[in-house]
Number of protein chains: 2
Amino acid sequence: MGRITMKDVANKAGVSVATVSNVLNNVNKKTTEETRVKVMSVVDELNYKLDMTARALSSGKSNLVGVFFAKHIIDGKKVPLLKENPFYSEALSGIENRLSEKGYQLLVASIDDKDEALDLIRRRMLDAVVIFGMRSDYLWSTIKKSGVPLVSIDAHNDQASVNVEMDNEYAGYIATKHLIELGHKKIAFCSKYTDVSELIGGRYKGFLRAIKEGNLNVEDCPIVESEINIEGGEDAGRLLLEKYSDITAVFTSADIIAFGIIKYYQANGKSVPDDLSVVGFDNLAACEYIHPGVTTIKQDIYEKGIKAADILVDLAQGIEVEKNYVLPVELIIRESTKKYEK
Amino acid sequence: MGRITMKDVANKAGVSVATVSNVLNNVNKKTTEETRVKVMSVVDELNYKLDMTARALSSGKSNLVGVFFAKHIIDGKKVPLLKENPFYSEALSGIENRLSEKGYQLLVASIDDKDEALDLIRRRMLDAVVIFGMRSDYLWSTIKKSGVPLVSIDAHNDQASVNVEMDNEYAGYIATKHLIELGHKKIAFCSKYTDVSELIGGRYKGFLRAIKEGNLNVEDCPIVESEINIEGGEDAGRLLLEKYSDITAVFTSADIIAFGIIKYYQANGKSVPDDLSVVGFDNLAACEYIHPGVTTIKQDIYEKGIKAADILVDLAQGIEVEKNYVLPVELIIRESTKKYEK
DNA sequence: CTGAAAGCGCTTACAG
DNA sequence: CTGAAAGCGCTTACAG
């Protein structure tokens, strides 16, 4: 019998299509309670569902939010962030959850350049967009021209309507302070991109602040370079053992580096935390899988998604919001750190 | 200046809107090469992009594929599969990648009951749907009424147009055979739901086949019950040490159980693989993070997404496809298994 | 091969 | 408060 349209509802209820539309959209504003009830009962009876596509075309609002993942270049190949980092699925889930509560759906896409993003925004009449991990100013300003609200996650950009971030400096501070409180005096910061990435740089700043506050000798607390993957961590482990043998604790900018260090130590008859205390960053699930469990910094990525969704909906509805949201971080203490005794 | 429509293109090219539409859709079928070139040059010049919303409304094809994640009940709370298991983001990424190549976009939603799914299919005019992890026949048959092609991933269902699965029996077989070839005679199967889940049951069947083929004593190869999480694995580790001390190798139905067992052994001064060989299942990234690296069964989940996307597009375009796709599995040998010597 | 016209299912001023 | 009508930007028979 084909799909049920507003016309069917109007006919059966003995009113016009416009009135049905008004009832459905204007939550008893310009309509009598009586007609509202009449219309709604027919809506229920026929199990009528408003067609979002038609609404989008006529109103210009799609109730669709674009979730864009930047593609990153890894080993010369373009890899969608979503594949590379399962981490993001949790944020995605948070966004989806909140957005669907509010009647919006998600359009998920990996994007490579500004045109892809812009095209989707226009062709799908997206009401708002959240972008993960895209840093280029040029792309941002181009996308911005579309006029839709833009929320940036984990990649601060002034072109964005709103940035949702974590407090990297503070995270670095509490991680390092934890080690200092355990009595460590020679602590390394282990990462890559310390000087080029705002994100990593922030963590290092916090590291330095703790070092200074704790009256440690900055010269005793070097940066140990490491690729941000498991092999990089293993290399760093070797470096620590061979070149930085006086270091007793290390704060890494990623759990995965911490895993590599621990793995290298264990494979070479050394122990974490007996020979080295290690603090990671991210609170990946694997922190609990490993022996010893890894002390790390946790950010509630699911919560980040929820927050982003709230902002998105506000923006889509023209409500003003703050320009920056800094979400809290937390130190999770497990077994990879212990008191320095000597 | 407002958005550029087909009308603008038609005017500038001196043809009708219908002709522009024909050029854009019928890849030089019912149109002269000359008008085609003329129209396309104006399309380029104006940087015209076809409005998908309008097309969907008039044609009934949205070029939108729904990707639905079932919500599961965990500890009495409903948790979207996407949050619970980051695993799925990789499949999602595969789907997205292939689908966007073919001009489709993804509508991602967590669904709780049949109506949510059905509503979205109708209100968004979805061309096809892929569902992760939903088992209820009732829901499926209801959704099926919508008429859109349905692809099921990891949850075989006869109502689905196509099932994309892995060969669990074979996976169980090669995992166990690997242990037998290493000389183990007393091997445990460690999991939960062995008798109720088709998935786990299949793996156990493969386990049994290898045991029989290897002329091992079935009584020496028990099922050790374990919750499918890290604590469950630790409990299983204790059980193995205390109650099944003659067991020298174990095949678990999930990496996460394997991690728990290894963790328990290490925390209690025992060694994997010296005291126990362990084979996991899934090839989670953490298999490489841990010392020793975990021998496991790998399924190419990204590839699964790609395959699902191909099928989805074929179905959306009315092309016949096979009803079942069984994707290959592979044994990845790392350090958690070794030769049994005694 | 091309174009005029109707139609997809809504929303939105505008009269009444 | 309610309805008739135009319009959103396409596609699709149908004539020509």
# chains A, B, ... in the order shown; residues from 1 in each chain; ligands from 1

$ closest_atom_pairs --of "chain D" --to "chain A" --cutoff "9 Å" --atoms "only C-alpha atoms (C1' of nucleotides)" --output "JSON lines"
{"residue": "D:DC1", "atom": "C1'", "partner": "A:Thr31", "partner_atom": "CA", "distance": 5.9}
{"residue": "D:DT2", "atom": "C1'", "partner": "A:Thr19", "partner_atom": "CA", "distance": 6.8}
{"residue": "D:DG3", "atom": "C1'", "partner": "A:Ser16", "partner_atom": "CA", "distance": 6.0}
{"residue": "D:DG7", "atom": "C1'", "partner": "A:Ser58", "partner_atom": "CA", "distance": 7.7}
{"residue": "D:DC8", "atom": "C1'", "partner": "A:Ser58", "partner_atom": "CA", "distance": 4.3}
{"residue": "D:DG9", "atom": "C1'", "partner": "A:Leu57", "partner_atom": "CA", "distance": 7.6}

$ select_by_dssp --residues "region 86-189 of chain B" --states "helix (DSSP H, G or I)" --output "PyMOL selection string"
chain B and resi 87-101+114-123+137-144+168-181

$ atom_distance --atom1 "CA of Leu199 (chain A)" --atom2 "CA of Phe87 (chain A)"
16.4 Å

$ residues_around --residues "region 143-149 of chain B" --least-positions-apart "6" --cutoff "10 Å" --atoms "only C-alpha atoms (C1' of nucleotides)" --output "ChimeraX atom specification"
/B:65,113-119,121-122,125-130,137,159-162,311-318

$ closest_atom_pairs --of "chain B" --to "chain A" --cutoff "6 Å" --atoms "only C-alpha atoms" --output "JSON lines"
{"residue": "B:Asp51", "atom": "CA", "partner": "A:Arg123", "partner_atom": "CA", "distance": 4.5}
{"residue": "B:Met52", "atom": "CA", "partner": "A:Arg123", "partner_atom": "CA", "distance": 5.3}
{"residue": "B:Thr53", "atom": "CA", "partner": "A:Arg124", "partner_atom": "CA", "distance": 5.9}
{"residue": "B:Leu82", "atom": "CA", "partner": "A:Ser93", "partner_atom": "CA", "distance": 5.9}
{"residue": "B:Lys83", "atom": "CA", "partner": "A:Glu90", "partner_atom": "CA", "distance": 5.0}
{"residue": "B:Pro86", "atom": "CA", "partner": "A:Pro86", "partner_atom": "CA", "distance": 5.3}
{"residue": "B:Ser89", "atom": "CA", "partner": "A:Ser89", "partner_atom": "CA", "distance": 5.5}
{"residue": "B:Glu90", "atom": "CA", "partner": "A:Lys83", "partner_atom": "CA", "distance": 4.9}
{"residue": "B:Ser93", "atom": "CA", "partner": "A:Lys83", "partner_atom": "CA", "distance": 5.4}
{"residue": "B:Leu106", "atom": "CA", "partner": "A:Val108", "partner_atom": "CA", "distance": 5.5}
{"residue": "B:Leu107", "atom": "CA", "partner": "A:Leu107", "partner_atom": "CA", "distance": 4.9}
{"residue": "B:Val108", "atom": "CA", "partner": "A:Leu106", "partner_atom": "CA", "distance": 5.5}
{"residue": "B:Arg123", "atom": "CA", "partner": "A:Asp51", "partner_atom": "CA", "distance": 4.5}
{"residue": "B:Arg124", "atom": "CA", "partner": "A:Met52", "partner_atom": "CA", "distance": 5.8}
{"residue": "B:Phe259", "atom": "CA", "partner": "A:Tyr289", "partner_atom": "CA", "distance": 5.6}
{"residue": "B:Lys263", "atom": "CA", "partner": "A:His291", "partner_atom": "CA", "distance": 5.3}
{"residue": "B:Ala286", "atom": "CA", "partner": "A:Ala286", "partner_atom": "CA", "distance": 5.9}
{"residue": "B:Tyr289", "atom": "CA", "partner": "A:Phe259", "partner_atom": "CA", "distance": 5.6}
{"residue": "B:His291", "atom": "CA", "partner": "A:Lys263", "partner_atom": "CA", "distance": 5.3}

$ select_by_dssp --residues "region 55-195 of chain B" --states "strand (DSSP E)" --output "ChimeraX atom specification"
/B:64-74,77-80,105-111,128-132,150-153,162-166,187-191

$ atom_distance --atom1 "CA of Cys190 (chain B)" --atom2 "CA of Val224 (chain B)"
4.7 Å

$ atom_distance --atom1 "CA of Val329 (chain B)" --atom2 "CA of Lys192 (chain B)"
21.1 Å

$ residues_around --residues "Asn168 (chain A)" --least-positions-apart "2" --cutoff "9 Å" --atoms "only C-alpha atoms (C1' of nucleotides)" --output "list of chain:residue names"
A:Glu165, A:Met166, A:Tyr170, A:Ala171, A:Gly172, A:Tyr173, A:Glu198, A:Leu199, A:Ile200, A:Gly201, A:Gly202, A:Arg203, A:Tyr204, A:Lys205, A:Gly206, A:Val329

$ write_last_selection --atoms "N, CA and C atoms" --output "JSON list (two decimals), in the first residue's frame"
[["chain", "number", "residue", "atom", "x", "y", "z"],
["A", 165, "GLU", "N", 38.81, 19.53, 24.04],
["A", 165, "GLU", "CA", 40.19, 19.09, 24.24],
["A", 165, "GLU", "C", 40.39, 18.53, 25.64],
["A", 166, "MET", "N", 41.58, 18.09, 25.90],
["A", 166, "MET", "CA", 41.92, 17.71, 27.26],
["A", 166, "MET", "C", 43.03, 18.63, 27.74],
["A", 170, "TYR", "N", 48.24, 19.82, 32.40],
["A", 170, "TYR", "CA", 47.91, 19.30, 33.72],
["A", 170, "TYR", "C", 48.14, 17.79, 33.80],
["A", 171, "ALA", "N", 47.80, 17.12, 32.72],
["A", 171, "ALA", "CA", 48.00, 15.67, 32.68],
["A", 171, "ALA", "C", 49.48, 15.34, 32.86],
["A", 172, "GLY", "N", 50.33, 16.06, 32.14],
["A", 172, "GLY", "CA", 51.77, 15.83, 32.27],
["A", 172, "GLY", "C", 52.25, 16.14, 33.67],
["A", 173, "TYR", "N", 51.64, 17.14, 34.24],
["A", 173, "TYR", "CA", 52.02, 17.55, 35.59],
["A", 173, "TYR", "C", 51.70, 16.48, 36.63],
["A", 198, "GLU", "N", 51.49, 20.46, 19.59],
["A", 198, "GLU", "CA", 50.93, 21.22, 20.69],
["A", 198, "GLU", "C", 50.50, 20.27, 21.81],
["A", 199, "LEU", "N", 49.96, 19.17, 21.38],
["A", 199, "LEU", "CA", 49.46, 18.14, 22.28],
["A", 199, "LEU", "C", 50.59, 17.57, 23.15],
["A", 200, "ILE", "N", 51.61, 17.05, 22.48],
["A", 200, "ILE", "CA", 52.73, 16.46, 23.20],
["A", 200, "ILE", "C", 53.51, 17.54, 23.96],
["A", 201, "GLY", "N", 53.66, 18.66, 23.29],
["A", 201, "GLY", "CA", 54.36, 19.78, 23.92],
["A", 201, "GLY", "C", 53.71, 20.16, 25.24],
["A", 202, "GLY", "N", 52.39, 20.16, 25.25],
["A", 202, "GLY", "CA", 51.67, 20.49, 26.48],
["A", 202, "GLY", "C", 51.98, 19.51, 27.59],
["A", 203, "ARG", "N", 52.07, 18.26, 27.23],
["A", 203, "ARG", "CA", 52.37, 17.25, 28.25],
["A", 203, "ARG", "C", 53.78, 17.44, 28.80],
["A", 204, "TYR", "N", 54.67, 17.82, 27.90],
["A", 204, "TYR", "CA", 56.05, 18.05, 28.32],
["A", 204, "TYR", "C", 56.15, 19.27, 29.23],
["A", 205, "LYS", "N", 55.38, 20.28, 28.92],
["A", 205, "LYS", "CA", 55.35, 21.47, 29.78],
["A", 205, "LYS", "C", 54.96, 21.10, 31.20],
["A", 206, "GLY", "N", 53.93, 20.27, 31.29],
["A", 206, "GLY", "CA", 53.47, 19.83, 32.61],
["A", 206, "GLY", "C", 54.55, 19.03, 33.32],
["A", 329, "VAL", "N", 41.20, 15.22, 33.24],
["A", 329, "VAL", "CA", 42.02, 14.02, 33.12],
["A", 329, "VAL", "C", 42.25, 13.47, 34.52]]

$ residues_around --residues "Asp282 (chain B)" --least-positions-apart "6" --cutoff "8 Å" --atoms "only C-alpha atoms (C1' of nucleotides)" --output "JSON list (two decimals) with N, CA and C atoms, in the first residue's frame"
[["chain", "number", "residue", "atom", "x", "y", "z"],
["B", 254, "ALA", "N", 38.99, -16.26, 23.18],
["B", 254, "ALA", "CA", 39.14, -14.80, 23.08],
["B", 254, "ALA", "C", 40.51, -14.40, 23.63],
["B", 255, "ASP", "N", 41.16, -13.49, 22.96],
["B", 255, "ASP", "CA", 42.46, -13.01, 23.42],
["B", 255, "ASP", "C", 42.41, -12.52, 24.86],
["B", 296, "THR", "N", 47.75, -16.38, 18.28],
["B", 296, "THR", "CA", 46.30, -16.20, 18.21],
["B", 296, "THR", "C", 45.75, -16.47, 16.81],
["B", 297, "ILE", "N", 44.43, -16.44, 16.73],
["B", 297, "ILE", "CA", 43.77, -16.56, 15.44],
["B", 297, "ILE", "C", 43.41, -15.16, 14.96],
["B", 298, "LYS", "N", 43.76, -14.89, 13.75],
["B", 298, "LYS", "CA", 43.47, -13.57, 13.20],
["B", 298, "LYS", "C", 42.38, -13.66, 12.14],
["B", 299, "GLN", "N", 41.45, -12.76, 12.26],
["B", 299, "GLN", "CA", 40.54, -12.59, 11.13],
["B", 299, "GLN", "C", 40.72, -11.16, 10.68]]

$ residues_around --residues "Asp220 (chain A)" --least-positions-apart "5" --cutoff "9 Å" --atoms "only C-alpha atoms (C1' of nucleotides)" --output "list in words"
Lys185, Lys186, Ile187, Ala188, Asp246 and Ile247 of chain A

$ write_last_selection --atoms "C-alpha atoms" --output "PDB file, in the first residue's frame"
ATOM      1  CA  LYS A 185      64.822  12.001  41.120  1.00  0.00           C
ATOM      2  CA  LYS A 186      65.871  11.065  37.603  1.00  0.00           C
ATOM      3  CA  ILE A 187      62.853  10.892  35.383  1.00  0.00           C
ATOM      4  CA  ALA A 188      62.749  10.767  31.593  1.00  0.00           C
ATOM      5  CA  ASP A 246      70.650   6.203  35.908  1.00  0.00           C
ATOM      6  CA  ILE A 247      67.022   6.953  35.011  1.00  0.00           C
TER       7      ILE A 247
END
